[in-house]
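**Student:** So here's run.cif (mmCIF, C-alpha atoms).
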data_target
#
loop_
_atom_site.label_atom_id
_atom_site.label_comp_id
_atom_site.auth_asym_id
_atom_site.auth_seq_id
_atom_site.Cartn_x
_atom_site.Cartn_y
_atom_site.Cartn_z
CA MET R 1 -24.00 -19.29 -14.98
CA SER R 2 -24.62 -21.94 -12.32
CA GLU R 3 -27.41 -21.61 -9.77
CA PRO R 4 -26.41 -20.39 -6.28
CA MET R 5 -25.72 -23.15 -3.76
CA LEU R 6 -28.58 -23.79 -1.34
CA ARG R 7 -27.99 -22.40 2.15
CA THR R 8 -29.53 -23.48 5.41
CA GLY R 9 -30.36 -21.59 8.60
CA THR R 10 -31.67 -18.07 9.09
CA GLY R 11 -30.31 -14.61 8.39
CA LEU R 12 -29.21 -12.84 5.22
CA LEU R 13 -25.88 -14.67 5.16
CA ALA R 14 -27.00 -18.03 6.52
CA GLY R 15 -24.53 -20.74 5.55
CA LYS R 16 -22.18 -18.37 3.74
CA ALA R 17 -18.41 -18.23 4.19
CA VAL R 18 -17.09 -14.66 4.35
CA LEU R 19 -13.55 -13.28 4.62
CA VAL R 20 -13.27 -9.87 6.30
CA THR R 21 -10.02 -7.92 6.03
CA GLY R 22 -9.00 -4.78 7.88
CA VAL R 23 -10.23 -5.48 11.42
CA LEU R 24 -7.99 -3.64 13.89
CA THR R 25 -10.27 -2.23 16.59
CA GLU R 26 -13.89 -2.41 17.66
CA ASP R 27 -14.38 1.02 16.09
CA SER R 28 -13.42 -0.17 12.62
CA ILE R 29 -16.03 -0.60 9.91
CA ALA R 30 -14.60 -4.02 9.19
CA PHE R 31 -15.29 -5.16 12.76
CA ALA R 32 -18.89 -3.95 12.47
CA VAL R 33 -19.26 -5.87 9.20
CA ALA R 34 -17.79 -9.05 10.70
CA ARG R 35 -20.10 -8.77 13.70
CA ARG R 36 -23.21 -8.14 11.60
CA ALA R 37 -22.25 -10.93 9.18
CA GLN R 38 -22.04 -13.41 12.07
CA LEU R 39 -25.38 -12.24 13.42
CA GLU R 40 -26.82 -12.84 9.96
CA GLY R 41 -25.60 -16.44 9.94
CA ALA R 42 -22.23 -16.27 8.16
CA GLU R 43 -19.10 -18.20 9.00
CA VAL R 44 -16.54 -15.40 9.19
CA VAL R 45 -12.77 -15.55 8.83
CA LEU R 46 -10.62 -12.49 9.52
CA SER R 47 -7.21 -11.53 8.19
CA GLY R 48 -4.46 -9.39 9.68
CA PHE R 49 -1.02 -8.21 8.69
CA GLY R 50 2.33 -7.57 10.35
CA ARG R 51 2.18 -5.84 13.71
CA GLY R 52 -1.56 -5.44 13.30
CA LEU R 53 -2.10 -9.21 13.31
CA SER R 54 -1.97 -9.38 17.11
CA LEU R 55 -4.55 -6.56 17.29
CA THR R 56 -6.84 -8.43 14.92
CA LYS R 57 -6.56 -11.60 17.00
CA ARG R 58 -7.29 -9.68 20.18
CA VAL R 59 -10.34 -7.86 18.85
CA SER R 60 -11.67 -11.02 17.20
CA ARG R 61 -12.45 -12.32 20.68
CA LYS R 62 -15.09 -9.60 21.00
CA LEU R 63 -17.13 -10.95 18.10
CA PRO R 64 -20.31 -12.94 18.87
CA LYS R 65 -18.58 -16.17 17.75
CA ALA R 66 -14.96 -17.30 17.81
CA THR R 67 -13.32 -17.01 14.41
CA GLU R 68 -10.04 -17.85 12.73
CA VAL R 69 -7.56 -15.07 11.94
CA LEU R 70 -5.27 -15.55 8.94
CA ALA R 71 -1.96 -13.82 8.35
CA LEU R 72 -2.41 -11.98 5.09
CA ASP R 73 -0.41 -9.15 3.54
CA ALA R 74 -2.73 -7.94 0.78
CA THR R 75 0.24 -6.72 -1.28
CA SER R 76 1.71 -10.24 -1.38
CA PRO R 77 0.21 -12.64 -3.94
CA GLU R 78 2.00 -15.50 -2.17
CA GLN R 79 0.38 -14.74 1.20
CA ALA R 80 -3.00 -14.23 -0.46
CA GLU R 81 -2.74 -17.62 -2.16
CA ALA R 82 -1.67 -19.25 1.12
CA ALA R 83 -4.70 -17.74 2.87
CA ALA R 84 -6.93 -18.95 0.04
CA ALA R 85 -5.59 -22.46 0.55
CA VAL R 86 -6.63 -22.33 4.23
CA VAL R 87 -10.12 -21.11 3.30
CA ALA R 88 -10.39 -23.81 0.65
CA GLU R 89 -9.53 -26.51 3.18
CA ARG R 90 -12.04 -25.20 5.70
CA PHE R 91 -15.01 -24.26 3.49
CA GLY R 92 -14.28 -25.43 -0.05
CA ARG R 93 -15.52 -22.10 -1.39
CA LEU R 94 -15.78 -18.39 -0.51
CA ASP R 95 -19.13 -16.60 -0.76
CA GLY R 96 -18.10 -13.12 0.31
CA LEU R 97 -14.99 -10.97 0.60
CA LEU R 98 -14.77 -7.58 2.30
CA HIS R 99 -11.87 -5.38 1.22
CA ALA R 100 -11.29 -2.88 4.04
CA ILE R 101 -7.65 -2.07 3.38
CA GLY R 102 -6.05 1.32 2.96
CA PHE R 103 -2.81 3.07 3.78
CA ALA R 104 -0.93 6.17 2.69
CA PRO R 105 2.40 7.51 4.01
CA ALA R 106 2.23 10.82 5.86
CA SER R 107 3.51 12.76 2.84
CA CYS R 108 0.39 11.74 0.91
CA LEU R 109 -2.08 13.35 3.32
CA GLY R 110 -2.59 16.99 4.24
CA GLN R 111 0.35 18.40 2.26
CA GLY R 112 -1.19 18.78 -1.18
CA VAL R 113 -0.67 16.47 -4.14
CA LEU R 114 2.61 18.13 -5.17
CA ALA R 115 4.48 17.14 -2.02
CA ALA R 116 4.58 13.34 -2.07
CA PRO R 117 7.33 11.45 -3.93
CA TRP R 118 6.43 8.56 -6.22
CA THR R 119 7.76 5.99 -3.77
CA ASP R 120 5.12 7.05 -1.24
CA VAL R 121 2.37 7.47 -3.83
CA SER R 122 3.02 4.04 -5.31
CA GLN R 123 2.70 2.50 -1.84
CA ALA R 124 -0.63 4.25 -1.27
CA LEU R 125 -1.93 3.03 -4.63
CA GLU R 126 -0.74 -0.53 -4.14
CA VAL R 127 -2.12 -0.94 -0.64
CA SER R 128 -5.35 0.97 -1.09
CA ALA R 129 -6.36 0.00 -4.64
CA TYR R 130 -4.23 -2.67 -6.32
CA SER R 131 -4.63 -4.95 -3.28
CA LEU R 132 -8.26 -5.47 -4.32
CA LYS R 133 -7.00 -7.11 -7.50
CA THR R 134 -4.45 -9.17 -5.55
CA LEU R 135 -7.07 -10.53 -3.17
CA THR R 136 -9.73 -11.10 -5.81
CA ALA R 137 -7.31 -12.96 -8.06
CA ALA R 138 -6.08 -15.21 -5.24
CA PHE R 139 -9.58 -16.11 -4.05
CA LEU R 140 -11.26 -16.21 -7.47
CA PRO R 141 -11.36 -20.03 -7.76
CA LEU R 142 -13.15 -20.18 -4.39
CA LEU R 143 -15.47 -17.30 -5.28
CA GLU R 144 -16.45 -19.06 -8.49
CA ARG R 145 -17.36 -22.20 -6.55
CA SER R 146 -19.93 -20.20 -4.59
CA GLY R 147 -22.14 -19.65 -7.59
CA ALA R 148 -23.27 -16.32 -6.11
CA ALA R 149 -20.18 -14.65 -4.69
CA SER R 150 -19.86 -11.01 -3.70
CA VAL R 151 -16.78 -8.82 -3.27
CA VAL R 152 -17.38 -5.56 -1.39
CA ALA R 153 -14.80 -2.79 -0.95
CA LEU R 154 -15.08 0.13 1.45
CA ASP R 155 -14.71 3.56 -0.12
CA PHE R 156 -14.79 7.28 0.56
CA ASP R 157 -16.41 8.85 -2.50
CA ALA R 158 -13.58 10.01 -4.78
CA THR R 159 -15.71 11.66 -7.48
CA VAL R 160 -14.73 15.00 -5.93
CA ALA R 161 -11.55 16.38 -4.35
CA TRP R 162 -11.54 16.58 -0.54
CA PRO R 163 -9.39 18.83 1.67
CA SER R 164 -6.32 17.04 3.07
CA TYR R 165 -7.25 13.68 1.46
CA ASP R 166 -4.79 14.25 -1.39
CA TRP R 167 -3.22 11.03 -2.72
CA MET R 168 -5.54 8.81 -0.70
CA GLY R 169 -8.34 10.40 -2.70
CA VAL R 170 -6.51 9.46 -5.89
CA ALA R 171 -6.07 5.93 -4.57
CA LYS R 172 -9.80 5.72 -3.81
CA ALA R 173 -10.54 6.92 -7.35
CA ALA R 174 -8.37 4.08 -8.62
CA LEU R 175 -10.25 1.67 -6.36
CA GLU R 176 -13.57 2.86 -7.79
CA SER R 177 -12.38 2.41 -11.37
CA LEU R 178 -10.88 -0.99 -10.59
CA THR R 179 -14.19 -2.10 -9.08
CA ARG R 180 -15.98 -1.37 -12.35
CA TYR R 181 -13.41 -3.27 -14.39
CA LEU R 182 -13.52 -6.25 -12.03
CA ALA R 183 -17.33 -6.20 -12.15
CA ARG R 184 -17.20 -6.30 -15.94
CA GLU R 185 -14.68 -9.13 -16.04
CA LEU R 186 -16.00 -11.30 -13.21
CA GLY R 187 -19.75 -10.96 -13.74
CA PRO R 188 -19.82 -13.80 -16.29
CA ARG R 189 -18.01 -15.93 -13.70
CA GLY R 190 -20.70 -15.42 -11.08
CA VAL R 191 -18.88 -12.84 -8.96
CA ARG R 192 -20.30 -9.41 -8.12
CA VAL R 193 -18.00 -6.51 -7.17
CA ASN R 194 -19.37 -3.39 -5.46
CA LEU R 195 -18.40 -0.47 -3.26
CA VAL R 196 -19.86 1.05 -0.11
CA ALA R 197 -18.99 4.74 0.12
CA ALA R 198 -19.26 5.63 3.79
CA GLY R 199 -19.46 9.01 5.41
CA PRO R 200 -16.65 10.01 7.79
CA LEU R 201 -16.34 7.77 10.83
CA ARG R 202 -14.05 7.93 13.86
CA THR R 203 -11.81 5.00 12.93
CA VAL R 204 -8.05 4.47 13.21
CA ALA R 205 -7.72 5.36 9.52
CA ALA R 206 -9.65 8.60 9.98
CA LYS R 207 -7.34 9.72 12.77
CA SER R 208 -4.44 9.75 10.31
CA ILE R 209 -6.16 12.39 8.14
CA PRO R 210 -5.06 15.94 9.08
CA GLY R 211 -8.06 18.15 9.80
CA PHE R 212 -10.53 15.27 9.99
CA GLU R 213 -12.76 17.39 12.22
CA ARG R 214 -13.61 19.50 9.15
CA PHE R 215 -15.34 16.47 7.65
CA GLU R 216 -17.29 15.97 10.86
CA GLN R 217 -18.48 19.56 10.87
CA VAL R 218 -19.63 19.73 7.27
CA TRP R 219 -21.41 16.35 7.46
CA ALA R 220 -23.25 17.44 10.59
CA GLU R 221 -24.44 20.56 8.78
CA ARG R 222 -25.39 19.09 5.39
CA ALA R 223 -26.35 15.41 5.61
CA PRO R 224 -30.18 15.33 5.20
CA LEU R 225 -30.51 12.22 7.40
CA GLY R 226 -27.91 13.43 9.86
CA TRP R 227 -24.61 11.71 10.51
CA ASP R 228 -22.90 10.44 13.65
CA VAL R 229 -19.17 9.79 13.24
CA HIS R 230 -19.29 7.33 16.15
CA ALA R 231 -22.62 5.52 15.82
CA ASP R 232 -23.22 5.18 12.09
CA THR R 233 -20.62 2.45 11.59
CA GLU R 234 -23.50 0.00 12.01
CA ALA R 235 -25.39 1.55 9.10
CA VAL R 236 -22.35 1.00 6.87
CA ALA R 237 -22.02 -2.58 8.12
CA ARG R 238 -25.66 -3.37 7.33
CA ALA R 239 -25.34 -2.05 3.79
CA SER R 240 -22.19 -4.10 3.30
CA VAL R 241 -23.94 -7.24 4.54
CA VAL R 242 -26.82 -6.69 2.12
CA LEU R 243 -24.30 -6.49 -0.75
CA LEU R 244 -22.62 -9.66 0.52
CA SER R 245 -26.00 -11.42 0.57
CA ASP R 246 -28.09 -12.73 -2.33
CA TRP R 247 -30.59 -9.87 -2.01
CA LEU R 248 -28.78 -7.72 -4.58
CA GLY R 249 -27.91 -10.57 -6.89
CA LYS R 250 -28.07 -8.46 -10.04
CA THR R 251 -26.12 -5.48 -8.71
CA THR R 252 -22.47 -5.12 -9.66
CA GLY R 253 -20.06 -2.31 -10.44
CA GLU R 254 -22.09 -0.10 -8.12
CA MET R 255 -21.14 2.40 -5.44
CA ILE R 256 -23.73 2.58 -2.67
CA HIS R 257 -23.52 5.69 -0.51
CA VAL R 258 -24.10 5.31 3.21
CA ASP R 259 -23.42 8.90 4.20
CA GLY R 260 -26.68 10.33 5.47
CA GLY R 261 -27.43 11.64 1.96
CA PHE R 262 -24.52 14.08 1.99
CA HIS R 263 -23.46 13.16 -1.58
CA ALA R 264 -26.84 14.17 -3.00
CA VAL R 265 -26.98 17.79 -1.83
CA GLY R 266 -25.16 21.01 -2.65
CA ALA R 267 -24.24 23.88 -0.34
#
Show me, as structure tokens, the structure contained in the file I just sent.
**Tutor:**
Amino acid sequence: MSEPMLRTGTGLLAGKAVLVTGVLTEDSIAFAVARRAQLEGAEVVLSGFGRGLSLTKRVSRKLPKATEVLALDATSPEQAEAAAAVVAERFGRLDGLLHAIGFAPASCLGQGVLAAPWTDVSQALEVSAYSLKTLTAAFLPLLERSGAASVVALDFDATVAWPSYDWMGVAKAALESLTRYLARELGPRGVRVNLVAAGPLRTVAAKSIPGFERFEQVWAERAPLGWDVHADTEAVARASVVLLSDWLGKTTGEMIHVDGGFHAVGA
């Protein structure tokens, strides 16, 4: 395996090129990661899709530094490859990739797993899990050029069944399994693949989950370190940035919980 390229400047991500997907609002985890990555010295590029692209461009102006926004449908290999070509022209490599993409039709949430038809389930699985493979494959040549690349995906721990989460929980379980397989396959090529399992946060995605307030209540009662569904986005962003950095250079296939310790305790 080649040695990591030398970086200049200060900060955990000094001199690194990072692609952040999934930025829609200032409340999103992806926005917090992009902001923290810039503050840690990274050159950040965002991606957006469809009607959300205009939202991504608008919110990008609120980052500390101006950044490019690429049109990228993560379910389209052609668009992913086109975005990779833009990144290649600008940076010649890609050091970090944040996968913050998830979607499930309404039938897949809050109605039990028996309700949703396969057409809806397949969409949830493709967008929320298989898209990690699509992006990683498209950007792999650029990730390999880094010499110390890191792919980080955002997760909501799917080792247990959650109320109302239904097929999105199954999609997250697929994402977790896929992360381990990608870590196994890409480790010899100098690419790490990890997950950050966040506690519940008041994001656009969370608002689509029926009964989300139940998550808020139980986390407030049981998380040993406490949990703030509004303020703790920054804690998730910092953990993601550490994984994107060289500080955890021998960590791959891992799921790091940033949930106030909720996952470690019983009733």
**Student:** With all atoms listed in the file as the counted atoms, please give the residues lying no more than 7 Å from Arg192 of chain R, apart from itself and same-chain residues fewer than 3 positions off, as a list in words.
**Tutor:** Ala149, Ser150, Val151, Ala183, Leu186, Gly187 and Thr252 of chain R
**Student:** Please, which residues are within 12 Å of (-21.3, -10.3, -14.9) by the file's coordinates, counting all atoms listed in the file, and could they come as number ranges by chain?
**Tutor:** R: 1, 144, 147-150, 180-194, 249-253
**Student:** Quick one: residues within 10 Å of Phe91 of chain R, only C-alpha atoms counted, chain neighbours fewer than 2 positions away excluded, as an MDAnalysis selection string?
**Tutor:** chainID R and resid 16:18 43 86:89 93:95 142
**Student:** Could you spell out the hits of the PyMOL selection byres ((chain R and resi 70) around 9) on the shown file, as a list in words?
**Tutor:**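 Answer for the PyMOL selection byres ((chain R and resi 70) around 9): Val45, Leu46, Ser47, Gly48, Phe49, Leu53, Glu68, Val69, Ala71, Leu72, Ala83 and Val86 of chain R.
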**Student:** By how many Å are atom CA of Glu81 of chain R and atom CA of Ile256 of chain R apart?
**Tutor:**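 Atom CA of Ile256 of chain R lies at a distance of 29.1 Å from atom CA of Glu81 of chain R.
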**Student:** Please write the residues picked by the PyMOL selection byres ((chain R and resi 106) around 10) on this file as a list in words.
**Tutor:** Phe103, Ala104, Pro105, Ser107, Cys108, Leu109, Gly110, Gln111, Ala116, Asp120, Ser208, Ile209 and Pro210 of chain R
**Student:** Tell me, in Å to one decimal, how far atom CA of Ala239 of chain R is from atom CA of Thr203 of chain R.
**Tutor:**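 Atom-to-atom, atom CA of Ala239 of chain R and atom CA of Thr203 of chain R are spaced 17.8 Å apart.
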**Student:** Provide the atom CA of Val121 of chain R to atom CA of Ala173 of chain R distance in Å, to one decimal place.
**Tutor:**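 Atom CA of Ala173 of chain R lies 13.4 Å from atom CA of Val121 of chain R.
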**Student:** What residues come out when you apply the PyMOL selection byres ((chain R and resi 61-67) around 9) to this file, written as a tab-separated table (two decimals) with C-alpha atoms, in the frame of the given file?
**Tutor:**
chain	number	residue	atom	x	y	z
R	26	GLU	CA	-13.89	-2.41	17.66
R	31	PHE	CA	-15.29	-5.16	12.76
R	34	ALA	CA	-17.79	-9.05	10.70
R	35	ARG	CA	-20.10	-8.77	13.70
R	38	GLN	CA	-22.04	-13.41	12.07
R	39	LEU	CA	-25.38	-12.24	13.42
R	43	GLU	CA	-19.10	-18.20	9.00
R	44	VAL	CA	-16.54	-15.40	9.19
R	45	VAL	CA	-12.77	-15.55	8.83
R	46	LEU	CA	-10.62	-12.49	9.52
R	56	THR	CA	-6.84	-8.43	14.92
R	57	LYS	CA	-6.56	-11.60	17.00
R	58	ARG	CA	-7.29	-9.68	20.18
R	59	VAL	CA	-10.34	-7.86	18.85
R	60	SER	CA	-11.67	-11.02	17.20
R	68	GLU	CA	-10.04	-17.85	12.73
R	69	VAL	CA	-7.56	-15.07	11.94
**Student:** Pick out the closest residue to Ile29 of chain R from this set: R:Arg214, R:Arg90, R:His230, R:Arg222. Count only C-alpha atoms.
**Tutor:**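 Smallest separation from Ile29 of chain R among the options: R:His230.
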**Student:** Under the rule that all atoms listed in the file are counted, which of R:Thr10, R:Ser245, R:Ser28, R:Thr136 is the nearest residue to Val229 of chain R?
**Tutor:** R:Ser28
**Student:** List as a PyMOL selection string the protein and nucleic acid residues near His99 of chain R, meaning an atom at most 12 Å away when only C-alpha atoms are counted, but skip any in the same chain fewer than 4 places from it.
**Tutor:** chain R and resi 18-23+29-30+33-34+46-48+74+127-136+150-155+175+179+193-196+240+244
**Student:** Show which residues sit within 7 Å of Ala32 of chain R, as an MDAnalysis selection string. Count all atoms listed in the file, and ignore same-chain residues fewer than 4 positions away.
**Tutor:** chainID R and resid 28 36 233:234 237
**Student:** Excluding Gly261 of chain R and any residue of its chain fewer than 6 positions from it, enumerate the residues within 7 Å of it, using all atoms listed in the file, and give them as a list in words.
**Tutor:**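 Residues near the query, excluding close chain neighbours: Ala223, Pro224 and Leu225 of chain R.
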**Student:** Can you put N, CA and C atoms back into segment 162-185 of chain R and show it as a PDB file, in the coordinates of the input?
**Tutor:**
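This is the output file part-v6.pdb:
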ATOM      1  N   TRP R 162     -11.287  16.231  -1.939  1.00  0.00           N
ATOM      2  CA  TRP R 162     -11.540  16.580  -0.540  1.00  0.00           C
ATOM      3  C   TRP R 162     -10.333  17.293   0.052  1.00  0.00           C
ATOM      4  N   PRO R 163     -10.538  18.198   0.997  1.00  0.00           N
ATOM      5  CA  PRO R 163      -9.390  18.830   1.670  1.00  0.00           C
ATOM      6  C   PRO R 163      -8.587  17.796   2.444  1.00  0.00           C
ATOM      7  N   SER R 164      -7.281  17.868   2.320  1.00  0.00           N
ATOM      8  CA  SER R 164      -6.320  17.040   3.070  1.00  0.00           C
ATOM      9  C   SER R 164      -6.254  15.587   2.617  1.00  0.00           C
ATOM     10  N   TYR R 165      -7.223  15.105   1.818  1.00  0.00           N
ATOM     11  CA  TYR R 165      -7.250  13.680   1.460  1.00  0.00           C
ATOM     12  C   TYR R 165      -6.206  13.357   0.391  1.00  0.00           C
ATOM     13  N   ASP R 166      -5.923  14.293  -0.460  1.00  0.00           N
ATOM     14  CA  ASP R 166      -4.790  14.250  -1.390  1.00  0.00           C
ATOM     15  C   ASP R 166      -4.635  12.905  -2.104  1.00  0.00           C
ATOM     16  N   TRP R 167      -3.487  12.238  -1.935  1.00  0.00           N
ATOM     17  CA  TRP R 167      -3.220  11.030  -2.720  1.00  0.00           C
ATOM     18  C   TRP R 167      -4.077   9.840  -2.285  1.00  0.00           C
ATOM     19  N   MET R 168      -4.603   9.865  -1.059  1.00  0.00           N
ATOM     20  CA  MET R 168      -5.540   8.810  -0.700  1.00  0.00           C
ATOM     21  C   MET R 168      -6.824   8.954  -1.526  1.00  0.00           C
ATOM     22  N   GLY R 169      -7.203  10.186  -1.819  1.00  0.00           N
ATOM     23  CA  GLY R 169      -8.340  10.400  -2.700  1.00  0.00           C
ATOM     24  C   GLY R 169      -8.084   9.845  -4.088  1.00  0.00           C
ATOM     25  N   VAL R 170      -6.870  10.033  -4.590  1.00  0.00           N
ATOM     26  CA  VAL R 170      -6.510   9.460  -5.890  1.00  0.00           C
ATOM     27  C   VAL R 170      -6.541   7.936  -5.831  1.00  0.00           C
ATOM     28  N   ALA R 171      -6.050   7.383  -4.723  1.00  0.00           N
ATOM     29  CA  ALA R 171      -6.070   5.930  -4.570  1.00  0.00           C
ATOM     30  C   ALA R 171      -7.504   5.398  -4.531  1.00  0.00           C
ATOM     31  N   LYS R 172      -8.400   6.128  -3.846  1.00  0.00           N
ATOM     32  CA  LYS R 172      -9.800   5.720  -3.810  1.00  0.00           C
ATOM     33  C   LYS R 172     -10.440   5.824  -5.196  1.00  0.00           C
ATOM     34  N   ALA R 173     -10.049   6.816  -5.977  1.00  0.00           N
ATOM     35  CA  ALA R 173     -10.540   6.920  -7.350  1.00  0.00           C
ATOM     36  C   ALA R 173     -10.101   5.714  -8.167  1.00  0.00           C
ATOM     37  N   ALA R 174      -8.867   5.283  -7.950  1.00  0.00           N
ATOM     38  CA  ALA R 174      -8.370   4.080  -8.620  1.00  0.00           C
ATOM     39  C   ALA R 174      -9.157   2.854  -8.177  1.00  0.00           C
ATOM     40  N   LEU R 175      -9.460   2.783  -6.879  1.00  0.00           N
ATOM     41  CA  LEU R 175     -10.250   1.670  -6.360  1.00  0.00           C
ATOM     42  C   LEU R 175     -11.630   1.636  -7.009  1.00  0.00           C
ATOM     43  N   GLU R 176     -12.248   2.796  -7.167  1.00  0.00           N
ATOM     44  CA  GLU R 176     -13.570   2.860  -7.790  1.00  0.00           C
ATOM     45  C   GLU R 176     -13.518   2.387  -9.239  1.00  0.00           C
ATOM     46  N   SER R 177     -12.515   2.830  -9.974  1.00  0.00           N
ATOM     47  CA  SER R 177     -12.380   2.410 -11.370  1.00  0.00           C
ATOM     48  C   SER R 177     -12.097   0.910 -11.460  1.00  0.00           C
ATOM     49  N   LEU R 178     -11.205   0.425 -10.603  1.00  0.00           N
ATOM     50  CA  LEU R 178     -10.880  -0.990 -10.590  1.00  0.00           C
ATOM     51  C   LEU R 178     -12.112  -1.844 -10.302  1.00  0.00           C
ATOM     52  N   THR R 179     -12.971  -1.373  -9.405  1.00  0.00           N
ATOM     53  CA  THR R 179     -14.190  -2.100  -9.080  1.00  0.00           C
ATOM     54  C   THR R 179     -15.055  -2.290 -10.323  1.00  0.00           C
ATOM     55  N   ARG R 180     -15.178  -1.260 -11.128  1.00  0.00           N
ATOM     56  CA  ARG R 180     -15.980  -1.370 -12.350  1.00  0.00           C
ATOM     57  C   ARG R 180     -15.365  -2.362 -13.326  1.00  0.00           C
ATOM     58  N   TYR R 181     -14.054  -2.343 -13.473  1.00  0.00           N
ATOM     59  CA  TYR R 181     -13.410  -3.270 -14.390  1.00  0.00           C
ATOM     60  C   TYR R 181     -13.520  -4.716 -13.896  1.00  0.00           C
ATOM     61  N   LEU R 182     -13.361  -4.905 -12.584  1.00  0.00           N
ATOM     62  CA  LEU R 182     -13.520  -6.250 -12.030  1.00  0.00           C
ATOM     63  C   LEU R 182     -14.963  -6.726 -12.194  1.00  0.00           C
ATOM     64  N   ALA R 183     -15.924  -5.831 -11.980  1.00  0.00           N
ATOM     65  CA  ALA R 183     -17.330  -6.200 -12.150  1.00  0.00           C
ATOM     66  C   ALA R 183     -17.588  -6.654 -13.581  1.00  0.00           C
ATOM     67  N   ARG R 184     -17.026  -5.946 -14.530  1.00  0.00           N
ATOM     68  CA  ARG R 184     -17.200  -6.300 -15.940  1.00  0.00           C
ATOM     69  C   ARG R 184     -16.585  -7.651 -16.258  1.00  0.00           C
ATOM     70  N   GLU R 185     -15.416  -7.900 -15.700  1.00  0.00           N
ATOM     71  CA  GLU R 185     -14.680  -9.130 -16.040  1.00  0.00           C
ATOM     72  C   GLU R 185     -15.197 -10.353 -15.291  1.00  0.00           C
TER      73      GLU R 185
END
